[in-house]
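As stored in final.txt (compact mmCIF, C-alpha atoms):
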```
# COMPACT_ATOMS: atom_id res chain seq x y z
CA ASN A 4 25.41 -33.70 -62.62
CA ALA A 5 25.63 -35.99 -59.58
CA GLY A 6 27.45 -33.48 -57.31
CA VAL A 7 27.87 -35.10 -53.88
CA THR A 8 26.57 -38.66 -53.52
CA GLN A 9 26.07 -40.33 -50.15
CA THR A 10 25.33 -43.98 -49.45
CA PRO A 11 23.34 -45.42 -47.83
CA LYS A 12 20.35 -43.08 -47.51
CA PHE A 13 18.93 -44.88 -44.48
CA GLN A 14 20.41 -47.30 -41.96
CA VAL A 15 19.36 -48.87 -38.68
CA LEU A 16 22.06 -50.31 -36.43
CA LYS A 17 22.18 -51.98 -33.06
CA THR A 18 24.35 -50.54 -30.31
CA GLY A 19 27.93 -51.74 -30.73
CA GLN A 20 27.71 -52.44 -34.46
CA SER A 21 30.06 -50.75 -36.87
CA MET A 22 29.44 -49.21 -40.24
CA THR A 23 30.95 -46.90 -42.83
CA LEU A 24 29.13 -44.03 -44.52
CA GLN A 25 30.35 -43.38 -48.03
CA CYS A 26 30.64 -40.04 -49.82
CA ALA A 27 31.85 -39.21 -53.32
CA GLN A 28 31.98 -35.94 -55.24
CA ASP A 29 32.50 -35.38 -58.95
CA MET A 30 33.28 -31.64 -58.90
CA ASN A 31 37.06 -31.98 -58.49
CA HIS A 32 36.86 -30.23 -55.12
CA ASN A 33 39.85 -30.26 -52.79
CA SER A 34 38.01 -30.07 -49.47
CA MET A 35 35.44 -32.46 -48.06
CA TYR A 36 33.48 -32.43 -44.81
CA TRP A 37 31.27 -34.58 -42.61
CA TYR A 38 28.50 -33.01 -40.51
CA ARG A 39 25.80 -34.31 -38.26
CA GLN A 40 22.40 -32.61 -37.98
CA ASP A 41 20.40 -32.89 -34.80
CA PRO A 42 17.11 -31.14 -33.94
CA GLY A 43 17.64 -27.63 -32.59
CA MET A 44 21.43 -27.78 -33.05
CA GLY A 45 22.02 -26.96 -36.70
CA LEU A 46 24.89 -28.74 -38.39
CA ARG A 47 28.03 -29.62 -36.47
CA LEU A 48 31.31 -30.49 -38.13
CA ILE A 49 32.64 -33.96 -37.32
CA TYR A 50 35.77 -34.15 -39.49
CA TYR A 51 37.08 -32.43 -42.57
CA SER A 52 39.74 -32.99 -45.18
CA ALA A 53 41.41 -29.95 -46.70
CA SER A 54 43.07 -32.01 -49.41
CA GLU A 55 43.77 -35.58 -50.44
CA GLY A 56 45.84 -37.26 -47.74
CA THR A 57 44.92 -34.93 -44.88
CA THR A 58 42.14 -35.07 -42.28
CA ASP A 59 41.39 -32.96 -39.22
CA LYS A 60 38.95 -33.04 -36.33
CA GLY A 61 35.97 -30.76 -36.24
CA GLU A 62 33.68 -29.83 -33.38
CA VAL A 63 32.35 -33.33 -32.50
CA PRO A 64 34.87 -36.03 -33.59
CA ASN A 65 34.54 -38.48 -30.70
CA GLY A 66 33.31 -41.92 -31.76
CA TYR A 67 34.11 -41.40 -35.44
CA ASN A 68 36.97 -42.00 -37.84
CA VAL A 69 37.41 -40.84 -41.41
CA SER A 70 39.38 -41.80 -44.49
CA ARG A 71 40.12 -39.62 -47.49
CA LEU A 72 40.46 -42.47 -49.93
CA ASN A 73 41.30 -40.24 -52.92
CA LYS A 74 40.29 -36.81 -54.14
CA ARG A 75 36.73 -37.95 -54.85
CA GLU A 76 35.91 -40.04 -51.80
CA PHE A 77 35.68 -39.33 -48.07
CA SER A 78 34.24 -41.99 -45.75
CA LEU A 79 33.01 -41.78 -42.16
CA ARG A 80 33.23 -44.82 -39.88
CA LEU A 81 31.44 -45.59 -36.65
CA GLU A 82 33.48 -48.31 -34.93
CA SER A 83 31.02 -49.05 -32.13
CA ALA A 84 27.70 -47.30 -32.65
CA ALA A 85 25.93 -45.68 -29.69
CA PRO A 86 22.34 -44.35 -29.45
CA SER A 87 23.78 -40.81 -29.12
CA GLN A 88 25.01 -41.14 -32.70
CA THR A 89 21.45 -41.35 -34.04
CA SER A 90 21.38 -38.41 -36.42
CA VAL A 91 21.30 -37.29 -40.01
CA TYR A 92 24.78 -37.21 -41.51
CA PHE A 93 25.73 -34.90 -44.36
CA CYS A 94 28.81 -34.91 -46.52
CA ALA A 95 29.89 -31.74 -48.30
CA SER A 96 32.67 -30.58 -50.58
CA SER A 97 34.11 -27.24 -51.64
CA ASN A 98 36.77 -25.58 -53.72
CA VAL A 99 38.66 -23.41 -51.25
CA ARG A 100 40.34 -21.21 -53.83
CA GLY A 101 38.74 -17.78 -53.59
CA GLN A 102 36.88 -16.18 -50.75
CA GLY A 103 33.37 -17.29 -49.98
CA GLN A 104 33.38 -20.56 -51.87
CA PRO A 105 30.18 -22.38 -50.91
CA GLN A 106 29.97 -25.96 -49.78
CA HIS A 107 27.93 -28.45 -51.81
CA PHE A 108 25.96 -30.99 -49.80
CA GLY A 109 24.75 -34.51 -50.39
CA ASP A 110 21.20 -35.57 -49.53
CA GLY A 111 22.20 -37.12 -46.22
CA THR A 112 22.24 -40.49 -44.47
CA ARG A 113 19.55 -41.01 -41.84
CA LEU A 114 21.08 -43.26 -39.18
CA SER A 115 19.23 -44.79 -36.22
CA ILE A 116 21.04 -46.64 -33.46
CA LEU A 117 18.84 -48.89 -31.34
CA GLY B 197 35.36 -18.60 -31.45
CA ASN B 198 32.90 -17.97 -34.25
CA SER B 199 29.16 -18.25 -33.68
CA VAL B 200 25.89 -17.62 -35.51
CA THR B 201 22.59 -16.79 -33.84
CA GLN B 202 19.43 -16.91 -35.87
CA MET B 203 15.77 -16.39 -35.21
CA GLU B 204 14.04 -19.21 -33.41
CA GLY B 205 11.29 -20.93 -35.31
CA PRO B 206 9.03 -22.22 -36.42
CA VAL B 207 7.75 -19.31 -38.50
CA THR B 208 4.36 -19.58 -40.17
CA LEU B 209 3.21 -17.01 -42.74
CA SER B 210 0.44 -16.64 -45.27
CA GLU B 211 1.26 -16.69 -48.97
CA GLU B 212 2.40 -13.27 -50.28
CA ALA B 213 3.44 -12.08 -46.81
CA PHE B 214 6.77 -10.32 -46.17
CA LEU B 215 9.48 -12.47 -44.65
CA THR B 216 12.37 -11.56 -42.37
CA ILE B 217 14.59 -14.14 -40.67
CA ASN B 218 17.14 -12.53 -38.40
CA CYS B 219 20.76 -13.63 -38.24
CA THR B 220 23.63 -12.15 -36.24
CA TYR B 221 27.18 -13.40 -35.98
CA THR B 222 30.35 -13.24 -33.94
CA ALA B 223 33.66 -13.68 -35.74
CA THR B 224 37.26 -12.58 -35.37
CA GLY B 225 38.30 -11.36 -38.80
CA TYR B 226 36.27 -10.88 -41.95
CA PRO B 227 34.09 -13.90 -42.62
CA SER B 228 31.96 -14.64 -45.63
CA LEU B 229 28.25 -15.04 -44.86
CA PHE B 230 25.78 -17.51 -46.33
CA TRP B 231 22.14 -18.51 -46.29
CA TYR B 232 21.43 -22.15 -47.03
CA VAL B 233 17.99 -23.72 -47.55
CA GLN B 234 16.97 -27.30 -46.81
CA TYR B 235 13.82 -28.73 -48.37
CA PRO B 236 12.22 -31.81 -46.78
CA GLY B 237 14.30 -34.95 -47.22
CA GLU B 238 17.12 -33.14 -49.00
CA GLY B 239 20.55 -31.74 -48.25
CA LEU B 240 21.39 -28.07 -47.87
CA GLN B 241 21.52 -25.85 -50.93
CA LEU B 242 23.22 -22.49 -51.14
CA LEU B 243 20.58 -19.75 -51.37
CA LEU B 244 22.80 -16.66 -51.38
CA LYS B 245 26.07 -15.32 -50.04
CA ALA B 246 28.05 -12.13 -49.37
CA THR B 247 31.78 -11.90 -48.95
CA LYS B 248 32.39 -8.38 -47.64
CA ALA B 249 30.71 -5.57 -45.75
CA ASP B 250 27.73 -3.89 -47.50
CA ASP B 251 27.53 -6.65 -50.11
CA LYS B 252 23.99 -7.76 -50.91
CA GLY B 253 23.38 -11.38 -51.83
CA SER B 254 20.20 -12.21 -53.76
CA ASN B 255 18.55 -15.22 -55.34
CA LYS B 256 14.98 -16.37 -56.11
CA GLY B 257 13.55 -13.14 -54.66
CA PHE B 258 15.46 -13.51 -51.37
CA GLU B 259 17.96 -10.87 -50.26
CA ALA B 260 20.41 -10.36 -47.41
CA THR B 261 22.90 -7.52 -46.77
CA TYR B 262 26.22 -8.00 -44.94
CA ARG B 263 26.11 -5.40 -42.15
CA LYS B 264 29.45 -5.22 -40.36
CA GLU B 265 28.39 -2.46 -37.98
CA THR B 266 25.54 -4.57 -36.58
CA THR B 267 27.17 -7.97 -37.34
CA SER B 268 23.99 -9.06 -39.08
CA PHE B 269 22.89 -10.81 -42.25
CA HIS B 270 19.08 -10.86 -42.14
CA LEU B 271 17.19 -12.78 -44.82
CA GLU B 272 14.22 -11.03 -46.49
CA LYS B 273 11.68 -11.74 -49.19
CA GLY B 274 8.91 -9.41 -50.25
CA SER B 275 6.24 -12.00 -51.12
CA VAL B 276 6.62 -15.62 -50.02
CA GLN B 277 5.15 -18.62 -51.79
CA VAL B 278 4.12 -22.06 -50.57
CA SER B 279 7.19 -23.46 -52.34
CA ASP B 280 9.41 -21.42 -49.96
CA SER B 281 8.45 -23.71 -47.07
CA ALA B 282 11.76 -25.14 -45.86
CA VAL B 283 14.40 -24.82 -43.15
CA TYR B 284 16.78 -21.86 -43.55
CA PHE B 285 20.30 -21.81 -42.12
CA CYS B 286 22.56 -18.81 -41.68
CA ALA B 287 26.28 -19.61 -41.75
CA LEU B 288 29.69 -17.99 -41.81
CA SER B 289 32.99 -19.24 -43.14
CA ASP B 290 36.31 -19.19 -41.40
CA GLN B 291 39.16 -19.14 -43.87
CA ALA B 292 41.78 -20.18 -41.38
CA PHE B 293 44.65 -22.19 -42.85
CA GLY B 294 43.02 -22.16 -46.27
CA ASN B 295 39.88 -24.00 -45.21
CA GLU B 296 36.39 -22.65 -45.60
CA LYS B 297 34.97 -24.24 -42.47
CA LEU B 298 31.35 -23.28 -41.94
CA THR B 299 29.74 -22.35 -38.64
CA PHE B 300 25.95 -22.76 -38.79
CA GLY B 301 23.04 -21.28 -36.91
CA THR B 302 20.43 -23.67 -35.55
CA GLY B 303 18.07 -23.22 -38.47
CA THR B 304 14.62 -21.62 -38.83
CA ARG B 305 11.72 -23.70 -40.10
CA LEU B 306 9.42 -21.68 -42.37
CA THR B 307 5.91 -22.81 -43.30
CA ILE B 308 3.85 -20.87 -45.82
CA ILE B 309 0.07 -21.33 -45.74
CA PRO B 310 -1.93 -20.88 -48.97
```

How does the structure come out when it is put into structure tokens?
Amino acid sequence: NAGVTQTPKFQVLKTGQSMTLQCAQDMNHNSMYWYRQDPGMGLRLIYYSASEGTTDKGEVPNGYNVSRLNKREFSLRLESAAPSQTSVYFCASSNVRGQGQPQHFGDGTRLSIL
Amino acid sequence: GNSVTQMEGPVTLSEEAFLTINCTYTATGYPSLFWYVQYPGEGLQLLLKATKADDKGSNKGFEATYRKETTSFHLEKGSVQVSDSAVYFCALSDQAFGNEKLTFGTGTRLTIIP
């Protein structure tokens, strides 16, 4: 019962470096999401994918790109990391059929940009 | 747009005390409402949900009632335990275009003292 798996769990980058955060789910969910969590601000949606082959911007997309590689996998890329992108990043997935379907979250990636 | 306002923390209570964490929302339409819990170092887990007015969600001794007239979804528990120490997030879903995008409150950190 893996659920949503995120890699890596921790990462330290220098300003200007690039990296890709990986996310995979094994629940056959159609929708996947990337959030960032900052102190005092709750979770904010970066990008989401309603189904394989589609992606859309969320509340805070600037500085990020995403790829929905297949139904299971949804990656988040930082092309040129900035200190303002220091945060905890969460991936989530859900089955949108039916009202009130909850999202299932991974354990997060703690990212520090120096 | 949609928004969620929840009680500022941190909240510190003694074991067996009564807990209330307030949550109010603004939404156009008829959202579903959720409480998520985040234990240290982990991702968010669904605690309970309600999908229509007057519904009561419950789980692990926690309860919350969807009050449309006051646009509220307050979380309550009659007798808290040390193991309830965590961060609690109120959220609502927006089922626009078939997506269950979540809007989160800022979170309330709860600490229970033995």

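Between chain B and the residues A:Arg71, A:Arg80, A:His32, A:Arg47, the shortest atom-to-atom distance, using all atoms listed in the file, involves A:Arg47.
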
Interatomic distance (Å, one decimal) between atom CA of Gly303 of chain B and atom CA of Gly45 of chain A: 5.7 Å

Within 10 Å of chain B, which residues of chain A show up when using all atoms listed in the file, listed as a ChimeraX atom specification? /A:7,33-36,40-48,51-54,61-62,91-95,97-113

Env of Pro64 of chain A: 7 Å cut, atoms = all atoms listed in the file, seq-sep filter 3 positions within chain, self excluded. Answer as a ChimeraX atom specification. /A:49-50,60-61,67

Atoms to include: C-alpha atoms. Write the selected residues as a CSV table (one decimal), keeping the file's coordinate frame.
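Saved the output as out23.csv:
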```
chain,number,residue,atom,x,y,z
A,49,ILE,CA,32.6,-34.0,-37.3
A,50,TYR,CA,35.8,-34.2,-39.5
A,60,LYS,CA,39.0,-33.0,-36.3
A,61,GLY,CA,36.0,-30.8,-36.2
A,67,TYR,CA,34.1,-41.4,-35.4
```

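Across the model, the gap from atom CA of Ser90 of chain A to atom CA of Ala27 of chain A is 19.9 Å.
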
Could you jot down the atom CA of Ser268 of chain B to atom CA of Ile309 of chain B separation for me, Å, one decimal place?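 A separation of 27.7 Å between them.
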
Quick one: of A:Thr8, A:Thr57, A:Ser87, A:Asn31, who's nearest to Leu72 of chain A, counting only C-alpha atoms?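 The closest residue to Leu72 of chain A is A:Thr57.
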
Between A:Asn65, A:Thr18, A:Cys26, A:Leu79, which is the closest to Ser115 of chain A once you count all atoms listed in the file?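 For Ser115 of chain A, the nearest of the given residues is A:Thr18.
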
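Of the listed residues B:Arg305, B:Tyr284, B:Lys273, B:Gly253, the one whose atoms come nearest to Glu211 of chain B is B:Lys273, with distances taken using only C-alpha atoms.
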
Identify, on the basis of only C-alpha atoms, every residue whose closest approach to Gln20 of chain A does not exceed 7 Å; exclude the query and any residue fewer than 2 positions from it along the same chain; express the result as a compact mmCIF listing (two decimals) with C-alpha atoms, keeping the file's coordinate frame.
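Contents of the output file selection36.txt:
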```
# COMPACT_ATOMS: atom_id res chain seq x y z
CA LEU A 16 22.06 -50.31 -36.43
CA LYS A 17 22.18 -51.98 -33.06
CA THR A 18 24.35 -50.54 -30.31
CA MET A 22 29.44 -49.21 -40.24
CA SER A 83 31.02 -49.05 -32.13
CA ALA A 84 27.70 -47.30 -32.65
```

Could you check the closest approach to Lys252 of chain B for each of B:Cys219, B:Val200, B:Glu272, B:Pro236 and tell me which residue wins, using only C-alpha atoms? B:Glu272

From the set A:Thr10, A:Gln28, A:Thr58, A:Gln88, which residue has the shortest atom-to-atom contact distance to Ser70 of chain A, counting all atoms listed in the file?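 Selected residue with least distance to Ser70 of chain A: A:Thr58.
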
Dig up all the protein and nucleic acid residues within 6 Å of (23.7, -9.7, -37.2) in the file frame, using only C-alpha atoms, and format them as a tab-separated table (two decimals) with C-alpha atoms, in the frame of the given file.
```tsv
chain	number	residue	atom	x	y	z
B	219	CYS	CA	20.76	-13.63	-38.24
B	220	THR	CA	23.63	-12.15	-36.24
B	221	TYR	CA	27.18	-13.40	-35.98
B	266	THR	CA	25.54	-4.57	-36.58
B	267	THR	CA	27.17	-7.97	-37.34
B	268	SER	CA	23.99	-9.06	-39.08
B	269	PHE	CA	22.89	-10.81	-42.25
```
